[in-house]
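As provided, run05.cif (mmCIF, C-alpha atoms, pLDDT in the B column; chains and numbers go by the auth columns) reads as follows.
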data_data
#
loop_
_atom_site.group_PDB
_atom_site.id
_atom_site.type_symbol
_atom_site.label_atom_id
_atom_site.label_comp_id
_atom_site.label_asym_id
_atom_site.label_seq_id
_atom_site.Cartn_x
_atom_site.Cartn_y
_atom_site.Cartn_z
_atom_site.B_iso_or_equiv
_atom_site.auth_seq_id
_atom_site.auth_asym_id
ATOM 1 C CA MET A 1 67.692 -13.380 135.619 54.00 1 A
ATOM 2 C CA ARG A 2 70.766 -15.558 134.999 54.00 2 A
ATOM 3 C CA GLU A 3 71.895 -14.954 138.566 62.00 3 A
ATOM 4 C CA LEU A 4 68.559 -16.292 139.858 56.00 4 A
ATOM 5 C CA MET A 5 68.922 -19.413 137.718 61.00 5 A
ATOM 6 C CA ASP A 6 72.482 -19.933 138.976 84.00 6 A
ATOM 7 C CA GLU A 7 71.266 -19.605 142.571 88.00 7 A
ATOM 8 C CA GLU A 8 68.505 -22.131 141.908 88.00 8 A
ATOM 9 C CA ILE A 9 70.981 -24.592 140.403 91.00 9 A
ATOM 10 C CA GLU A 10 73.305 -24.183 143.389 93.00 10 A
ATOM 11 C CA ARG A 11 70.417 -24.691 145.816 94.00 11 A
ATOM 12 C CA LEU A 12 69.265 -27.804 143.981 95.00 12 A
ATOM 13 C CA ALA A 13 72.838 -29.138 143.859 95.00 13 A
ATOM 14 C CA ARG A 14 73.179 -28.724 147.640 95.00 14 A
ATOM 15 C CA LEU A 15 69.877 -30.525 148.131 95.00 15 A
ATOM 16 C CA ALA A 16 71.044 -33.320 145.808 95.00 16 A
ATOM 17 C CA VAL A 17 74.226 -33.749 147.854 95.00 17 A
ATOM 18 C CA GLU A 18 72.129 -33.983 151.028 95.00 18 A
ATOM 19 C CA TYR A 19 69.951 -36.702 149.476 95.00 19 A
ATOM 20 C CA HIS A 20 73.074 -38.546 148.345 94.00 20 A
ATOM 21 C CA GLY A 21 74.402 -38.317 151.889 94.00 21 A
ATOM 22 C CA ILE A 22 71.436 -40.303 153.172 95.00 22 A
ATOM 23 C CA GLY A 23 71.978 -43.029 150.608 93.00 23 A
ATOM 24 C CA CYS A 24 69.914 -42.039 147.570 93.00 24 A
ATOM 25 C CA SER A 25 71.233 -42.854 144.108 92.00 25 A
ATOM 26 C CA VAL A 26 71.538 -40.074 141.546 93.00 26 A
ATOM 27 C CA ALA A 27 68.490 -41.410 139.677 93.00 27 A
ATOM 28 C CA GLU A 28 66.475 -41.448 142.916 95.00 28 A
ATOM 29 C CA ILE A 29 67.642 -37.901 143.606 95.00 29 A
ATOM 30 C CA ALA A 30 66.479 -36.783 140.163 95.00 30 A
ATOM 31 C CA ASP A 31 63.083 -38.320 140.883 95.00 31 A
ATOM 32 C CA LEU A 32 62.887 -36.672 144.321 95.00 32 A
ATOM 33 C CA LEU A 33 63.850 -33.269 142.919 96.00 33 A
ATOM 34 C CA ILE A 34 61.191 -33.505 140.192 95.00 34 A
ATOM 35 C CA ASP A 35 58.664 -34.573 142.813 95.00 35 A
ATOM 36 C CA LYS A 36 59.497 -31.652 145.126 94.00 36 A
ATOM 37 C CA HIS A 37 60.005 -29.122 142.300 93.00 37 A
ATOM 38 C CA PRO A 38 57.587 -30.027 139.468 93.00 38 A
ATOM 39 C CA ASN A 39 58.655 -26.966 137.473 92.00 39 A
ATOM 40 C CA LEU A 40 61.883 -28.844 136.708 91.00 40 A
ATOM 41 C CA ARG A 41 59.863 -31.139 134.454 92.00 41 A
ATOM 42 C CA LEU A 42 59.504 -28.132 132.144 92.00 42 A
ATOM 43 C CA ALA A 43 63.213 -27.303 132.424 88.00 43 A
ATOM 44 C CA PRO A 44 65.086 -30.620 132.387 89.00 44 A
ATOM 45 C CA PHE A 45 68.373 -28.930 131.577 87.00 45 A
ATOM 46 C CA ARG A 46 68.276 -27.088 134.934 90.00 46 A
ATOM 47 C CA LEU A 47 67.844 -30.405 136.718 93.00 47 A
ATOM 48 C CA ALA A 48 70.725 -31.860 134.711 91.00 48 A
ATOM 49 C CA GLN A 49 72.897 -28.827 135.523 91.00 49 A
ATOM 50 C CA ALA A 50 72.196 -29.183 139.237 94.00 50 A
ATOM 51 C CA LEU A 51 73.084 -32.879 139.147 94.00 51 A
ATOM 52 C CA ARG A 52 76.221 -32.139 137.147 93.00 52 A
ATOM 53 C CA SER A 53 77.224 -29.510 139.682 93.00 53 A
ATOM 54 C CA ALA A 54 76.615 -31.902 142.582 94.00 54 A
ATOM 55 C CA PHE A 55 78.135 -35.059 141.110 93.00 55 A
ATOM 56 C CA GLY A 56 80.276 -34.087 138.131 91.00 56 A
ATOM 57 C CA LEU A 57 78.077 -35.950 135.657 91.00 57 A
ATOM 58 C CA SER A 58 79.300 -36.361 132.100 91.00 58 A
ATOM 59 C CA VAL A 59 77.574 -34.841 129.091 90.00 59 A
ATOM 60 C CA HIS A 60 76.158 -38.290 128.281 91.00 60 A
ATOM 61 C CA ASP A 61 74.761 -38.528 131.804 92.00 61 A
ATOM 62 C CA LEU A 62 73.085 -35.146 131.329 91.00 62 A
ATOM 63 C CA GLN A 63 71.482 -36.441 128.157 93.00 63 A
ATOM 64 C CA TYR A 64 70.148 -39.457 130.059 94.00 64 A
ATOM 65 C CA VAL A 65 68.658 -37.207 132.747 93.00 65 A
ATOM 66 C CA THR A 66 66.983 -35.061 130.098 93.00 66 A
ATOM 67 C CA ALA A 67 65.681 -38.156 128.269 95.00 67 A
ATOM 68 C CA TRP A 68 64.189 -39.450 131.533 95.00 68 A
ATOM 69 C CA VAL A 69 62.469 -36.142 132.324 94.00 69 A
ATOM 70 C CA GLN A 70 61.017 -36.080 128.813 93.00 70 A
ATOM 71 C CA GLY A 71 59.682 -39.624 129.226 95.00 71 A
ATOM 72 C CA GLU A 72 62.013 -41.184 126.676 96.00 72 A
ATOM 73 C CA ILE A 73 63.557 -43.647 129.174 96.00 73 A
ATOM 74 C CA SER A 74 62.349 -45.139 132.447 96.00 74 A
ATOM 75 C CA LEU A 75 63.734 -44.388 135.902 94.00 75 A
ATOM 76 C CA GLU A 76 65.187 -47.908 135.956 93.00 76 A
ATOM 77 C CA THR A 77 67.013 -47.255 132.679 94.00 77 A
ATOM 78 C CA LEU A 78 68.281 -43.946 134.038 94.00 78 A
ATOM 79 C CA GLU A 79 69.580 -45.781 137.112 92.00 79 A
ATOM 80 C CA GLU A 80 71.400 -48.314 134.928 92.00 80 A
ATOM 81 C CA ARG A 81 72.893 -45.708 132.635 92.00 81 A
ATOM 82 C CA LEU A 82 74.138 -43.345 135.326 86.00 82 A
ATOM 83 C CA GLN A 83 75.954 -45.825 137.550 71.00 83 A
ATOM 84 C CA VAL A 84 77.304 -42.914 139.606 54.00 84 A
ATOM 85 C CA THR A 85 78.767 -43.964 142.929 45.00 85 A
ATOM 86 C CA ARG A 86 80.169 -40.631 144.098 42.00 86 A
#
Let me see the file written as structure tokens.
Amino acid sequence: MRELMDEEIERLARLAVEYHGIGCSVAEIADLLIDKHPNLRLAPFRLAQALRSAFGLSVHDLQYVTAWVQGEISLETLEERLQVTR
């Protein structure tokens, strides 16, 4: 089971890097991943792990991603807080 989750995180991280390569911000990528994989809304930590794997996000950044998925902050606030330019 853990191996399947690790594979999913790796797959999502690769997809995130591809989106970043075409000019999407990390916040936009989070939104796109949730849109394409709605099950991530129920597992925000997996989304955060994939983004951390792809972009080396800090623990605080992971908390912002989780807060956004849970509706505690807006996408605009997530964009402001992440400020990732990798």
One residue among A:Ala13, A:Ile22, A:Leu62, A:Val69 is nearest to Ala43 (chain A) when using only C-alpha atoms, and that residue is A:Val69
Name the residues that the PyMOL selection byres ((chain A and resi 80) around 12) picks from the file above, as a count of residues only, using the file's chain letters and numbers.
20
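If you look at CA of Asn39 (chain A) and CA of Gly56 (chain A), they are 22.8 Å away from each other.
Across the structure, CA of Arg11 (chain A) and CA of Ile29 (chain A) are spaced 13.7 Å apart.
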Checklist entry - Mind telling me what the PyMOL selection byres ((chain A and resi 16) around 10) catches here, as a ChimeraX atom specification? => result /A:10-15,17-21,24-26,28-30,32-33,50-51,53-55
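Atom pair CA of Ile9 (chain A) / CA of Arg52 (chain A): separated by 9.7 Å.
Among the candidate residues A:Gly71, A:Gly23, A:His60, A:Glu8, the one lying nearest to Leu47 (chain A) is A:Glu8, with distances computed using all atoms listed in the file.
Remark: for Glu7 (chain A), the closest of the candidate residues A:Gln49, A:His37, A:Gln63, A:Leu42 is A:Gln49 (distances computed over all atoms listed in the file).
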Reconstruct region 28-51 of chain A at the level of N, CA, C and O atoms, and format the result as a compact mmCIF listing (two decimals), keeping the file's coordinate frame.
# COMPACT_ATOMS: atom_id res chain seq x y z
N GLU A 28 67.49 -41.70 141.88
CA GLU A 28 66.47 -41.45 142.92
C GLU A 28 66.43 -39.97 143.27
O GLU A 28 65.34 -39.41 143.49
N ILE A 29 67.58 -39.34 143.30
CA ILE A 29 67.64 -37.90 143.61
C ILE A 29 66.93 -37.11 142.52
O ILE A 29 66.17 -36.19 142.82
N ALA A 30 67.16 -37.47 141.27
CA ALA A 30 66.48 -36.78 140.16
C ALA A 30 64.97 -36.89 140.34
O ALA A 30 64.24 -35.91 140.20
N ASP A 31 64.51 -38.09 140.68
CA ASP A 31 63.08 -38.32 140.88
C ASP A 31 62.55 -37.50 142.05
O ASP A 31 61.49 -36.88 141.96
N LEU A 32 63.30 -37.46 143.16
CA LEU A 32 62.89 -36.67 144.32
C LEU A 32 62.83 -35.18 144.00
O LEU A 32 61.90 -34.48 144.41
N LEU A 33 63.83 -34.70 143.27
CA LEU A 33 63.85 -33.27 142.92
C LEU A 33 62.67 -32.90 142.03
O LEU A 33 62.05 -31.85 142.22
N ILE A 34 62.35 -33.75 141.06
CA ILE A 34 61.19 -33.51 140.19
C ILE A 34 59.91 -33.53 141.02
O ILE A 34 59.01 -32.73 140.82
N ASP A 35 59.85 -34.45 141.96
CA ASP A 35 58.66 -34.57 142.81
C ASP A 35 58.48 -33.32 143.67
O ASP A 35 57.37 -32.82 143.81
N LYS A 36 59.58 -32.83 144.24
CA LYS A 36 59.50 -31.65 145.13
C LYS A 36 59.44 -30.33 144.35
O LYS A 36 58.95 -29.33 144.88
N HIS A 37 59.96 -30.34 143.13
CA HIS A 37 60.00 -29.12 142.30
C HIS A 37 59.49 -29.44 140.90
O HIS A 37 60.27 -29.56 139.95
N PRO A 38 58.17 -29.60 140.75
CA PRO A 38 57.59 -30.03 139.47
C PRO A 38 57.94 -29.12 138.29
O PRO A 38 57.91 -29.56 137.14
N ASN A 39 58.29 -27.88 138.56
CA ASN A 39 58.66 -26.97 137.47
C ASN A 39 59.91 -27.44 136.74
O ASN A 39 60.14 -27.06 135.59
N LEU A 40 60.69 -28.31 137.37
CA LEU A 40 61.88 -28.84 136.71
C LEU A 40 61.51 -29.76 135.55
O LEU A 40 62.31 -29.95 134.63
N ARG A 41 60.32 -30.30 135.57
CA ARG A 41 59.86 -31.14 134.45
C ARG A 41 59.81 -30.31 133.17
O ARG A 41 60.03 -30.83 132.07
N LEU A 42 59.55 -29.03 133.31
CA LEU A 42 59.50 -28.13 132.14
C LEU A 42 60.88 -27.59 131.78
O LEU A 42 61.05 -26.99 130.72
N ALA A 43 61.85 -27.80 132.65
CA ALA A 43 63.21 -27.30 132.42
C ALA A 43 64.23 -28.39 132.78
O ALA A 43 64.99 -28.26 133.74
N PRO A 44 64.22 -29.50 132.03
CA PRO A 44 65.09 -30.62 132.39
C PRO A 44 66.57 -30.27 132.39
O PRO A 44 67.35 -30.88 133.13
N PHE A 45 66.96 -29.29 131.61
CA PHE A 45 68.37 -28.93 131.58
C PHE A 45 68.82 -28.34 132.92
O PHE A 45 69.94 -28.57 133.35
N ARG A 46 67.93 -27.61 133.60
CA ARG A 46 68.28 -27.09 134.93
C ARG A 46 68.51 -28.22 135.92
O ARG A 46 69.44 -28.18 136.72
N LEU A 47 67.65 -29.23 135.86
CA LEU A 47 67.84 -30.40 136.72
C LEU A 47 69.18 -31.05 136.40
O LEU A 47 69.96 -31.36 137.30
N ALA A 48 69.46 -31.24 135.12
CA ALA A 48 70.72 -31.86 134.71
C ALA A 48 71.92 -31.02 135.17
O ALA A 48 72.92 -31.57 135.65
N GLN A 49 71.81 -29.71 135.07
CA GLN A 49 72.90 -28.83 135.52
C GLN A 49 73.13 -28.97 137.02
O GLN A 49 74.28 -29.00 137.49
N ALA A 50 72.06 -29.04 137.78
CA ALA A 50 72.20 -29.18 139.24
C ALA A 50 72.87 -30.51 139.58
O ALA A 50 73.76 -30.56 140.43
N LEU A 51 72.47 -31.57 138.89
CA LEU A 51 73.08 -32.88 139.15
C LEU A 51 74.54 -32.90 138.70
O LEU A 51 75.39 -33.50 139.35
